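Peer 1: Structure file protein.cif (mmCIF, C-alpha atoms) is given on the next line.
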```
data_target
#
loop_
_atom_site.label_atom_id
_atom_site.label_comp_id
_atom_site.auth_asym_id
_atom_site.auth_seq_id
_atom_site.Cartn_x
_atom_site.Cartn_y
_atom_site.Cartn_z
CA MET A 35 6.36 -39.55 5.48
CA LEU A 36 7.32 -36.18 4.10
CA ASP A 37 10.23 -34.69 6.04
CA ILE A 38 8.73 -31.32 6.95
CA GLU A 39 11.73 -30.34 9.02
CA ARG A 40 14.04 -30.87 6.05
CA ILE A 41 11.77 -28.75 3.84
CA LEU A 42 11.75 -25.95 6.41
CA LEU A 43 15.51 -26.03 6.69
CA GLU A 44 15.84 -25.84 2.91
CA LYS A 45 13.25 -23.05 2.44
CA LEU A 46 14.67 -20.96 5.29
CA GLN A 47 18.36 -21.47 4.56
CA ALA A 48 18.82 -17.96 3.14
CA TRP A 49 17.31 -16.43 6.30
CA ARG A 50 19.42 -18.13 8.97
CA SER A 51 21.51 -14.98 9.50
CA CYS A 52 18.46 -12.92 10.50
CA SER A 53 18.20 -11.52 14.00
CA ALA A 54 15.11 -13.60 14.84
CA TRP A 55 12.34 -15.79 13.46
CA CYS A 56 8.84 -14.84 14.57
CA VAL A 57 6.07 -17.42 14.07
CA ALA A 58 2.49 -16.28 13.49
CA PHE A 59 0.90 -18.76 15.93
CA SER A 60 -2.89 -19.18 15.95
CA GLY A 61 -3.00 -22.41 17.93
CA GLY A 62 -4.46 -24.21 14.91
CA MET A 63 -2.97 -27.35 13.43
CA ASP A 64 -0.96 -25.67 10.65
CA SER A 65 0.89 -23.14 12.80
CA THR A 66 1.31 -25.71 15.59
CA VAL A 67 3.18 -27.99 13.18
CA LEU A 68 5.30 -25.07 11.98
CA LEU A 69 6.21 -24.01 15.51
CA HIS A 70 6.91 -27.57 16.67
CA ALA A 71 9.09 -28.41 13.66
CA LEU A 72 11.13 -25.22 14.09
CA ALA A 73 11.61 -25.94 17.79
CA ARG A 74 12.94 -29.40 16.94
CA LEU A 75 15.29 -27.97 14.31
CA ALA A 76 16.63 -25.46 16.82
CA GLN A 77 17.80 -28.37 19.00
CA SER A 78 20.16 -29.67 16.30
CA HIS A 79 20.92 -26.59 14.17
CA THR A 80 22.09 -23.06 14.83
CA LEU A 81 19.03 -20.94 14.05
CA PRO A 82 17.97 -17.38 14.83
CA ALA A 83 16.11 -16.85 18.09
CA LEU A 84 12.55 -18.19 17.90
CA ARG A 85 9.48 -16.42 19.24
CA ALA A 86 5.75 -16.60 18.58
CA VAL A 87 2.95 -14.04 18.28
CA TYR A 88 -0.72 -14.79 18.81
CA ILE A 89 -3.29 -12.29 17.49
CA HIS A 90 -6.49 -12.31 19.56
CA HIS A 91 -9.50 -11.02 17.61
CA GLY A 92 -12.12 -11.98 20.19
CA LEU A 93 -14.75 -12.49 17.47
CA GLN A 94 -16.26 -15.67 18.95
CA ALA A 95 -16.76 -17.13 22.41
CA ALA A 96 -14.62 -20.22 21.72
CA ALA A 97 -11.59 -18.02 21.03
CA GLN A 98 -11.42 -16.81 24.63
CA ALA A 99 -9.63 -20.04 25.64
CA TRP A 100 -7.13 -20.02 22.77
CA PRO A 101 -4.52 -17.62 24.24
CA ALA A 102 -4.13 -19.90 27.28
CA HIS A 103 -3.73 -22.92 25.00
CA CYS A 104 -1.06 -21.12 22.98
CA GLN A 105 0.75 -20.16 26.18
CA GLN A 106 0.84 -23.83 27.22
CA VAL A 107 2.17 -24.98 23.83
CA CYS A 108 4.89 -22.33 23.78
CA ALA A 109 5.86 -22.99 27.38
CA ALA A 110 6.32 -26.68 26.61
CA LEU A 111 8.53 -25.81 23.63
CA GLN A 112 10.36 -23.09 25.61
CA ILE A 113 9.47 -20.46 23.02
CA PRO A 114 8.42 -16.98 24.21
CA LEU A 115 4.90 -15.94 23.18
CA THR A 116 3.41 -12.48 22.73
CA VAL A 117 -0.38 -12.19 22.81
CA LEU A 118 -1.76 -9.14 21.00
CA GLU A 119 -5.40 -8.10 21.22
CA VAL A 120 -6.78 -6.27 18.17
CA ASP A 121 -10.03 -4.50 17.38
CA VAL A 122 -11.71 -5.62 14.18
CA ALA A 123 -13.39 -2.73 12.38
CA ALA A 124 -17.06 -3.04 11.43
CA SER A 125 -17.13 -4.13 7.80
CA ALA A 126 -19.22 -5.97 5.23
CA SER A 127 -16.47 -8.61 5.23
CA VAL A 128 -15.50 -9.72 8.72
CA GLU A 129 -12.80 -11.95 7.22
CA GLN A 130 -11.18 -9.03 5.40
CA ALA A 131 -11.40 -6.70 8.41
CA ALA A 132 -9.86 -9.34 10.69
CA ARG A 133 -7.08 -9.96 8.19
CA GLN A 134 -6.28 -6.23 7.99
CA ALA A 135 -6.20 -5.94 11.79
CA ARG A 136 -3.99 -9.01 12.03
CA TYR A 137 -1.42 -7.81 9.52
CA ALA A 138 -1.37 -4.32 11.02
CA ALA A 139 -0.50 -5.90 14.37
CA PHE A 140 2.23 -8.04 12.81
CA GLU A 141 3.73 -4.97 11.12
CA GLN A 142 3.96 -3.16 14.43
CA GLN A 143 5.39 -6.20 16.18
CA LEU A 144 8.07 -7.15 13.66
CA GLN A 145 11.57 -5.92 14.47
CA ALA A 146 14.32 -4.86 12.07
CA ASP A 147 16.02 -7.78 10.28
CA GLU A 148 13.38 -10.19 11.58
CA VAL A 149 11.23 -12.53 9.52
CA LEU A 150 7.62 -13.47 10.17
CA LEU A 151 6.85 -17.11 9.39
CA MET A 152 3.31 -18.10 8.44
CA ALA A 153 1.92 -21.61 7.97
CA GLN A 154 -0.20 -21.33 4.82
CA HIS A 155 0.07 -24.55 2.82
CA GLN A 156 -0.74 -26.09 -0.55
CA ASP A 157 -4.46 -26.45 0.21
CA ASP A 158 -4.64 -22.77 1.15
CA GLN A 159 -2.99 -21.89 -2.14
CA ALA A 160 -5.53 -23.92 -4.15
CA GLU A 161 -8.40 -22.39 -2.18
CA THR A 162 -7.07 -18.88 -2.76
CA LEU A 163 -6.69 -19.37 -6.52
CA LEU A 164 -10.22 -20.77 -6.88
CA PHE A 165 -11.65 -17.99 -4.71
CA ARG A 166 -9.95 -15.30 -6.78
CA LEU A 167 -10.92 -16.99 -10.03
CA MET A 168 -14.57 -16.85 -8.97
CA ARG A 169 -14.13 -13.10 -8.40
CA GLY A 170 -12.76 -12.56 -11.91
CA THR A 171 -9.21 -11.70 -10.88
CA GLY A 172 -6.41 -11.02 -13.36
CA VAL A 173 -2.88 -12.31 -13.77
CA SER A 174 -1.65 -10.71 -10.56
CA GLY A 175 -4.40 -12.29 -8.47
CA LEU A 176 -3.76 -15.72 -9.96
CA ARG A 177 -0.22 -15.62 -8.64
CA GLY A 178 -1.87 -16.83 -5.47
CA ILE A 179 -0.31 -16.52 -2.04
CA PRO A 180 3.28 -15.26 -2.38
CA SER A 181 5.97 -17.36 -0.73
CA GLN A 182 7.56 -14.17 0.59
CA ARG A 183 7.11 -10.41 0.62
CA SER A 184 8.31 -7.39 2.54
CA LEU A 185 6.53 -6.56 5.78
CA GLN A 186 7.35 -3.25 7.43
CA GLN A 187 10.96 -3.54 8.71
CA GLY A 188 11.28 -7.26 8.02
CA ARG A 189 10.08 -10.02 5.72
CA LEU A 190 7.09 -12.36 5.62
CA LEU A 191 7.87 -15.95 4.63
CA ARG A 192 5.58 -18.90 3.93
CA PRO A 193 7.85 -21.98 3.81
CA LEU A 194 5.02 -24.59 3.72
CA LEU A 195 3.23 -23.59 0.50
CA GLU A 196 4.32 -26.79 -1.24
CA VAL A 197 3.17 -28.99 1.67
CA SER A 198 -0.39 -30.33 1.76
CA HIS A 199 -2.82 -30.20 4.69
CA GLN A 200 -2.77 -34.01 4.82
CA GLN A 201 1.00 -34.04 5.18
CA LEU A 202 0.83 -31.52 8.01
CA LEU A 203 -1.88 -33.61 9.69
CA GLU A 204 0.29 -36.72 9.49
CA TYR A 205 3.17 -34.85 11.14
CA ALA A 206 0.85 -33.57 13.88
CA GLN A 207 -0.50 -37.05 14.56
CA GLN A 208 2.97 -38.63 14.57
CA HIS A 209 4.16 -36.18 17.22
CA GLN A 210 0.85 -36.27 19.12
CA LEU A 211 0.39 -32.52 18.89
CA ARG A 212 -2.62 -30.72 20.35
CA TRP A 213 -4.28 -27.81 18.59
CA VAL A 214 -7.49 -25.77 18.57
CA ASP A 215 -10.19 -26.02 15.91
CA ASP A 216 -11.95 -22.86 14.80
CA PRO A 217 -15.71 -23.62 14.86
CA SER A 218 -16.29 -21.11 12.06
CA ASN A 219 -14.49 -23.54 9.73
CA ALA A 220 -17.39 -25.97 10.09
CA THR A 221 -19.90 -23.72 8.32
CA ASP A 222 -20.34 -22.90 4.65
CA GLU A 223 -21.34 -19.32 5.46
CA PHE A 224 -17.98 -17.98 4.28
CA ASP A 225 -16.99 -18.37 0.62
CA ARG A 226 -13.60 -19.87 1.42
CA ASN A 227 -15.19 -22.47 3.69
CA PHE A 228 -17.65 -23.37 0.93
CA LEU A 229 -14.78 -23.92 -1.49
CA ARG A 230 -12.82 -25.92 1.08
CA ARG A 231 -15.72 -28.12 2.20
CA GLN A 232 -17.90 -28.49 -0.90
CA VAL A 233 -16.02 -27.63 -4.09
CA ILE A 234 -12.41 -28.73 -3.65
CA PRO A 235 -13.20 -32.32 -2.54
CA VAL A 236 -15.31 -32.83 -5.70
CA LEU A 237 -12.55 -31.41 -7.89
CA LYS A 238 -9.94 -33.59 -6.21
CA SER A 239 -12.06 -36.70 -6.76
CA ARG A 240 -11.90 -35.99 -10.49
CA TRP A 241 -8.40 -34.49 -10.65
CA PRO A 242 -6.30 -35.88 -7.77
CA GLN A 243 -3.35 -33.67 -8.71
CA MET A 244 -5.50 -30.52 -8.65
CA GLN A 245 -3.57 -28.81 -5.86
CA GLN A 246 -0.17 -29.39 -7.44
CA ASN A 247 -1.55 -28.21 -10.80
CA LEU A 248 -2.95 -25.03 -9.27
CA GLN A 249 0.37 -24.41 -7.55
CA ARG A 250 2.04 -24.72 -10.96
CA THR A 251 -0.52 -22.31 -12.42
CA ALA A 252 0.35 -19.81 -9.70
CA GLN A 253 4.02 -20.11 -10.63
CA HIS A 254 3.20 -19.54 -14.34
CA MET A 255 1.12 -16.49 -13.43
CA ASP A 256 3.97 -15.18 -11.31
CA GLU A 257 6.33 -15.39 -14.29
CA ALA A 258 3.75 -13.72 -16.53
CA GLN A 259 3.27 -10.90 -14.02
CA GLN A 260 7.02 -10.38 -13.82
CA LEU A 261 7.08 -9.86 -17.60
CA LEU A 262 4.16 -7.44 -17.39
CA ASP A 263 5.93 -5.55 -14.61
CA GLU A 264 9.13 -5.32 -16.64
CA LEU A 265 7.18 -3.88 -19.58
CA ALA A 266 5.32 -1.49 -17.27
CA LEU A 267 8.55 -0.30 -15.69
CA HIS A 268 10.00 0.42 -19.13
CA ASP A 269 6.86 2.32 -20.14
CA VAL A 270 6.77 4.29 -16.87
CA GLN A 271 10.39 5.31 -17.29
CA GLN A 272 9.63 6.52 -20.82
CA ALA A 273 6.54 8.43 -19.70
CA THR A 274 7.82 9.99 -16.48
CA LEU A 275 8.29 13.74 -16.66
CA ALA A 276 10.54 15.95 -14.59
CA PRO A 277 8.61 18.28 -12.26
CA LEU A 278 7.27 21.39 -13.92
CA PHE A 279 8.89 23.32 -11.05
CA ASN A 280 11.60 22.05 -8.74
CA TRP A 281 9.26 22.61 -5.77
CA LEU A 282 6.29 20.73 -7.29
CA ASP A 283 7.24 17.19 -6.36
CA LEU A 284 4.10 15.32 -7.40
CA PRO A 285 4.08 12.06 -9.41
CA CYS A 286 3.62 13.03 -13.05
CA LEU A 287 3.42 11.26 -16.42
CA ASN A 288 3.42 12.45 -20.03
CA LEU A 289 -0.16 11.99 -21.21
CA GLU A 290 0.83 12.19 -24.89
CA HIS A 291 3.20 9.27 -24.38
CA LEU A 292 0.42 7.21 -22.82
CA ARG A 293 -1.90 8.01 -25.71
CA GLY A 294 0.70 6.53 -28.06
CA LEU A 295 0.46 3.13 -26.37
CA THR A 296 -2.20 0.49 -26.95
CA LEU A 297 -5.02 0.45 -24.42
CA VAL A 298 -3.76 -2.73 -22.76
CA ARG A 299 -0.29 -1.17 -22.32
CA GLN A 300 -1.85 2.00 -20.94
CA LYS A 301 -3.70 -0.02 -18.32
CA ASN A 302 -0.67 -2.15 -17.57
CA LEU A 303 1.45 0.98 -17.05
CA LEU A 304 -1.17 2.62 -14.83
CA ARG A 305 -1.69 -0.49 -12.69
CA TYR A 306 2.03 -0.63 -12.04
CA TRP A 307 2.39 3.11 -11.41
CA LEU A 308 -0.74 3.49 -9.28
CA SER A 309 -0.02 0.48 -7.07
CA SER A 310 2.26 2.66 -4.92
CA PHE A 311 -0.50 5.21 -4.31
CA THR A 312 -3.91 3.56 -4.24
CA LEU A 313 -6.01 0.42 -4.43
CA LEU A 314 -6.28 -0.59 -8.07
CA PRO A 315 -9.65 -0.02 -9.75
CA ASP A 316 -11.92 -2.91 -10.69
CA THR A 317 -12.87 -3.62 -14.29
CA ALA A 318 -15.95 -1.38 -14.41
CA HIS A 319 -14.12 1.56 -12.85
CA TRP A 320 -11.59 1.73 -15.70
CA ALA A 321 -14.15 3.72 -17.71
CA GLY A 322 -12.91 6.68 -15.66
CA TRP A 323 -9.52 6.40 -17.37
CA ASP A 324 -11.11 6.54 -20.83
CA ALA A 325 -13.06 9.67 -19.87
CA LEU A 326 -9.97 11.35 -18.42
CA ARG A 327 -7.74 10.53 -21.38
CA ASP A 328 -10.25 11.51 -24.08
CA ALA A 329 -11.71 14.68 -22.55
CA GLN A 330 -11.52 17.93 -24.52
CA ALA A 331 -8.29 19.91 -24.24
CA ASP A 332 -9.92 22.71 -22.25
CA ALA A 333 -11.62 20.32 -19.80
CA GLN A 334 -10.33 19.55 -16.31
CA PRO A 335 -11.31 15.89 -15.86
CA LEU A 336 -10.68 14.02 -12.63
CA TRP A 337 -10.60 10.24 -12.07
CA ARG A 338 -11.36 9.56 -8.41
CA LEU A 339 -9.66 6.54 -6.88
CA HIS A 340 -9.09 5.32 -3.35
CA ASN A 341 -7.18 7.93 -1.31
CA GLY A 342 -6.74 10.31 -4.23
CA ALA A 343 -7.30 10.97 -7.90
CA LEU A 344 -5.68 11.20 -11.31
CA LEU A 345 -5.89 14.67 -12.81
CA ARG A 346 -4.92 16.02 -16.21
CA SER A 347 -3.22 19.39 -16.67
CA GLN A 348 -1.38 20.64 -19.77
CA ASN A 349 -0.89 17.10 -21.12
CA ARG A 350 0.56 16.03 -17.81
CA LEU A 351 -1.06 13.31 -15.73
CA TYR A 352 -0.77 13.93 -11.97
CA TRP A 353 -1.52 11.71 -9.00
CA LEU A 354 -3.07 13.86 -6.27
CA PRO A 355 -3.45 12.50 -2.73
CA GLU A 356 -6.81 13.00 -1.03
CA LEU A 357 -5.58 16.13 0.75
CA TRP A 358 -5.09 17.87 -2.59
CA LEU A 359 -8.67 17.32 -3.69
CA GLN A 360 -9.99 19.90 -1.21
CA SER A 361 -9.10 23.58 -1.12
CA PRO A 362 -7.19 24.48 2.04
CA PRO A 363 -9.09 26.49 4.66
CA ALA A 364 -8.91 30.25 4.22
CA VAL A 365 -6.09 31.90 6.18
CA ASP A 366 -4.87 35.38 7.00
CA VAL A 367 -1.37 34.83 8.40
CA LEU A 368 0.56 37.81 9.73
CA ILE A 369 4.18 37.78 8.50
CA ASP A 370 6.25 40.18 10.57
CA THR A 371 9.58 38.38 10.67
CA ALA A 372 11.63 35.79 8.83
CA GLY A 373 10.95 32.14 9.69
CA ARG A 374 8.57 29.27 9.15
CA TYR A 375 4.79 29.65 8.88
CA ASP A 376 2.68 26.47 8.97
CA LEU A 377 -0.40 26.42 6.73
CA PRO A 378 -3.36 24.17 7.63
CA ASN A 379 -3.54 21.27 5.14
CA ASN A 380 -1.16 23.13 2.85
CA GLY A 381 2.44 22.58 3.89
CA TYR A 382 4.39 25.56 5.17
CA LEU A 383 6.07 28.79 4.05
CA ILE A 384 9.68 29.78 4.74
CA VAL A 385 10.43 33.52 4.74
CA HIS A 386 14.01 34.72 4.30
CA GLY A 387 15.18 38.31 4.57
CA GLU A 388 14.26 41.37 6.60
CA VAL A 389 10.53 42.05 6.85
CA ARG A 390 10.28 45.83 7.26
CA GLU A 391 6.48 46.14 7.14
CA PRO A 392 3.80 43.69 8.31
CA LEU A 393 2.69 41.40 5.51
CA HIS A 394 -0.23 38.98 5.25
CA LEU A 395 -0.46 35.55 3.64
CA ARG A 396 -3.78 34.70 2.01
CA TYR A 397 -4.99 32.60 -0.90
CA ARG A 398 -6.25 33.77 -4.25
CA GLN A 399 -9.87 34.96 -4.27
CA GLY A 400 -10.05 36.33 -7.82
CA ALA A 401 -9.47 39.73 -9.48
CA GLU A 402 -6.04 40.21 -7.81
CA ARG A 403 -3.68 42.41 -9.82
CA PHE A 404 0.10 42.44 -9.47
CA PHE A 405 2.46 45.27 -10.27
CA ILE A 406 5.22 43.94 -12.53
CA ASP A 407 8.25 46.16 -13.01
CA GLY A 408 8.28 47.33 -16.62
CA ARG A 409 4.80 45.94 -17.36
CA GLY A 410 2.54 47.72 -14.93
CA HIS A 411 -0.43 45.98 -13.29
CA ARG A 412 -1.41 42.54 -14.53
CA ASP A 413 -4.19 40.12 -13.58
CA LEU A 414 -2.99 37.28 -11.36
CA LYS A 415 -5.00 34.79 -13.41
CA ARG A 416 -3.12 35.76 -16.57
CA LEU A 417 0.24 35.71 -14.76
CA LEU A 418 -0.40 32.18 -13.46
CA GLN A 419 -1.26 31.05 -16.99
CA GLU A 420 1.95 32.61 -18.31
CA CYS A 421 3.94 30.76 -15.64
CA ALA A 422 2.21 27.46 -16.60
CA VAL A 423 1.04 26.91 -13.01
CA PRO A 424 -1.42 23.97 -13.12
CA ALA A 425 -5.02 24.96 -12.38
CA PHE A 426 -5.30 22.58 -9.41
CA LEU A 427 -2.41 24.43 -7.74
CA ARG A 428 -3.66 27.99 -8.08
CA SER A 429 -6.02 28.01 -5.10
CA ARG A 430 -3.21 26.70 -2.87
CA LEU A 431 -0.39 29.02 -3.88
CA PRO A 432 0.33 31.45 -1.01
CA VAL A 433 -0.21 35.09 -2.01
CA ILE A 434 1.60 37.77 0.02
CA PHE A 435 -0.23 41.05 0.62
CA LEU A 436 0.90 44.46 1.82
CA GLY A 437 -2.36 45.87 3.11
CA GLN A 438 -4.86 44.91 0.39
CA GLN A 439 -2.30 44.91 -2.43
CA PRO A 440 -0.78 41.55 -3.53
CA VAL A 441 3.00 42.04 -3.65
CA ALA A 442 4.48 38.54 -3.95
CA LEU A 443 3.66 34.99 -4.89
CA ALA A 444 5.40 32.12 -3.10
CA ASN A 445 7.93 30.21 -5.25
CA LEU A 446 7.62 32.70 -8.15
CA PRO A 447 10.21 35.35 -7.20
CA HIS A 448 10.04 37.22 -10.52
CA LEU A 449 6.55 38.42 -9.52
CA THR A 450 7.74 39.98 -6.25
CA HIS A 451 7.09 43.72 -6.01
CA PRO A 452 10.29 45.86 -6.18
CA GLN A 453 9.47 47.16 -2.70
CA LEU A 454 10.11 43.64 -1.29
CA GLN A 455 13.50 43.06 -2.91
CA GLY A 456 15.70 41.03 -0.57
CA ILE A 457 12.83 38.95 0.81
CA SER A 458 12.05 35.45 -0.47
CA PHE A 459 8.95 33.32 0.09
CA THR A 460 9.45 29.55 -0.33
CA TRP A 461 6.41 27.32 -0.13
CA HIS A 462 6.88 23.63 0.71
CA ILE A 463 3.88 21.75 -0.65
CA PRO A 464 1.96 19.28 1.54
#
```
Show the structure stored in the file as structure tokens.

Peer 2:
Amino acid sequence: MLDIERILLEKLQAWRSCSAWCVAFSGGMDSTVLLHALARLAQSHTLPALRAVYIHHGLQAAAQAWPAHCQQVCAALQIPLTVLEVDVAASASVEQAARQARYAAFEQQLQADEVLLMAQHQDDQAETLLFRLMRGTGVSGLRGIPSQRSLQQGRLLRPLLEVSHQQLLEYAQQHQLRWVDDPSNATDEFDRNFLRRQVIPVLKSRWPQMQQNLQRTAQHMDEAQQLLDELALHDVQQATLAPLFNWLDLPCLNLEHLRGLTLVRQKNLLRYWLSSFTLLPDTAHWAGWDALRDAQADAQPLWRLHNGALLRSQNRLYWLPELWLQSPPAVDVLIDTAGRYDLPNNGYLIVHGEVREPLHLRYRQGAERFFIDGRGHRDLKRLLQECAVPAFLRSRLPVIFLGQQPVALANLPHLTHPQLQGISFTWHIP
């Protein structure tokens, strides 16, 4: 029989100095084997403190008895258990919504320098690869379930990915373990269940080594993705531009540099760069990138994505969070002393110097004219163009008024009226 305890000890060797090991315990066979094997190892090896967390979704009647079962198992193993109840958001995919709720709970529960151990195994990996293949995934998706990744303050580890379901079952039977069976696994209603119950057994009858081969494919895809990421990082570094102004700290790329790359390198760069900001677009949605890149020079194209958008300005490509896609609410803020002035959905303004007369902060409405020493009165629109202020920023830039006359523009001190010398207006963007 496969020595699962030896495999766990080997896979977790690098993590034995952590503050604690937290097991994601569902009460099912897989996590029961993981918890039991770790408890046995702790009797003969010096390991971090063990604890377990059960996430209670409450999505089916049978699940109401599972927390009590998990309490009994953990009590017998002398492992503390935390039961967390979560609300699953209404969604077209109950599986996805439950998964998101579960991981959000784990992130909140995990302590600094602690690892979360999950019991996904070789069969789960094969099922995941086939499921993603049916959805038309790319190289990144065919990496399958990662053996480890960061999770909030700690790390998520899956030490059983090279162990089959049958091997776990043999361990459970040898040690006479008890576990709960999820009745939803007995139906083909869910795609993963259909693959597990109908498709994979047929494939295994033809190709007995299917699971090991798919695991190897996942490893090949992981290596390929690492190469793509290295290329993307190089391209991002070449394309990244310094902020146009030291106060405009928004992610920004050189659009001309991107145009000089092949289309596949453009998309590879953008996938890598955008992954920190948004969910990546599907294949059909990439037409938005072509439209943005190829629009006329005087156009102001926008590519909407999840939680934000890509916007082009003066051959610079900006990522704008959702907040930036709406103009801030109109304000009329009285400035009668130095200090901080918060602006709804638009950061805040810091005023330094002695304010001798009451001033007002408003936003640009159009037709404002500034008095510039030595140049007379000039249209604000023309002045903003001269200063190369991006168009998307102009409706947000705080304008300082004395009565009805604009006398200063935040962050552009050279436009301040001579009457306000000695006063500075610093805007901190949202």

Peer 1: Could you write out as a PyMOL selection string the residues that the PyMOL selection byres ((chain A and resi 143) around 10) matches in the shown file?

Peer 2: chain A and resi 56+87+116+118+137-142+144-146+150+186-187

Peer 1: How many Å separate atom CA of A:Ala153 from atom CA of A:Tyr88?

Peer 2: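 These atoms are spaced 13.1 Å apart.
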
Peer 1: Can you spell out as a VMD selection string the set of residues that the PyMOL selection byres ((chain A and resi 197) around 12) selects in the structure I just provided?

Peer 2: chain A and resid 35 to 42 45 64 67 to 68 153 to 160 192 to 196 198 to 205 245 to 246 249

Peer 1: For atom CA of A:Pro378 and atom CA of A:Pro362, quote the distance in Å rounded to one decimal.

Peer 2: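 Going from atom CA of A:Pro378 over to atom CA of A:Pro362, I get 6.8 Å.
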
Peer 1: Give me, as a list in words, all polymer residues having an atom no more than 12 Å from A:Ser309, counting all atoms listed in the file and skipping those fewer than 6 positions away in the same chain.

Peer 2: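 Counting only the stated atoms, we get Ser174, Asp263, Ala266, Lys301, Asn302, Leu303, Pro315, Leu339, His340, Asn341 and Trp353 of chain A.
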
Peer 1: Padding 5 Å on each side, edges along x, y and z: where is the centre of the box around the listed atoms of stretch 55-64 of chain A, and how long are its edges in Å to one decimal? Output it as JSON.

Peer 2:
```
{"center_x": 3.9, "center_y": -21.1, "center_z": 14.3, "size_x": 26.8, "size_y": 22.5, "size_z": 17.3}
```

Peer 1: Please write as a PyMOL selection string the full residue list that the PyMOL selection byres ((chain A and resi 402) around 10) yields on this file.

Peer 2: chain A and resi 398-401+403-404+411-415+433+438-440

Peer 1: Quick one: of A:Ala343, A:Ala258, A:Leu443, A:Ala71, who's nearest to A:Val173, counting only C-alpha atoms?

Peer 2: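 The shortest atom-to-atom distance to A:Val173 comes from A:Ala258.
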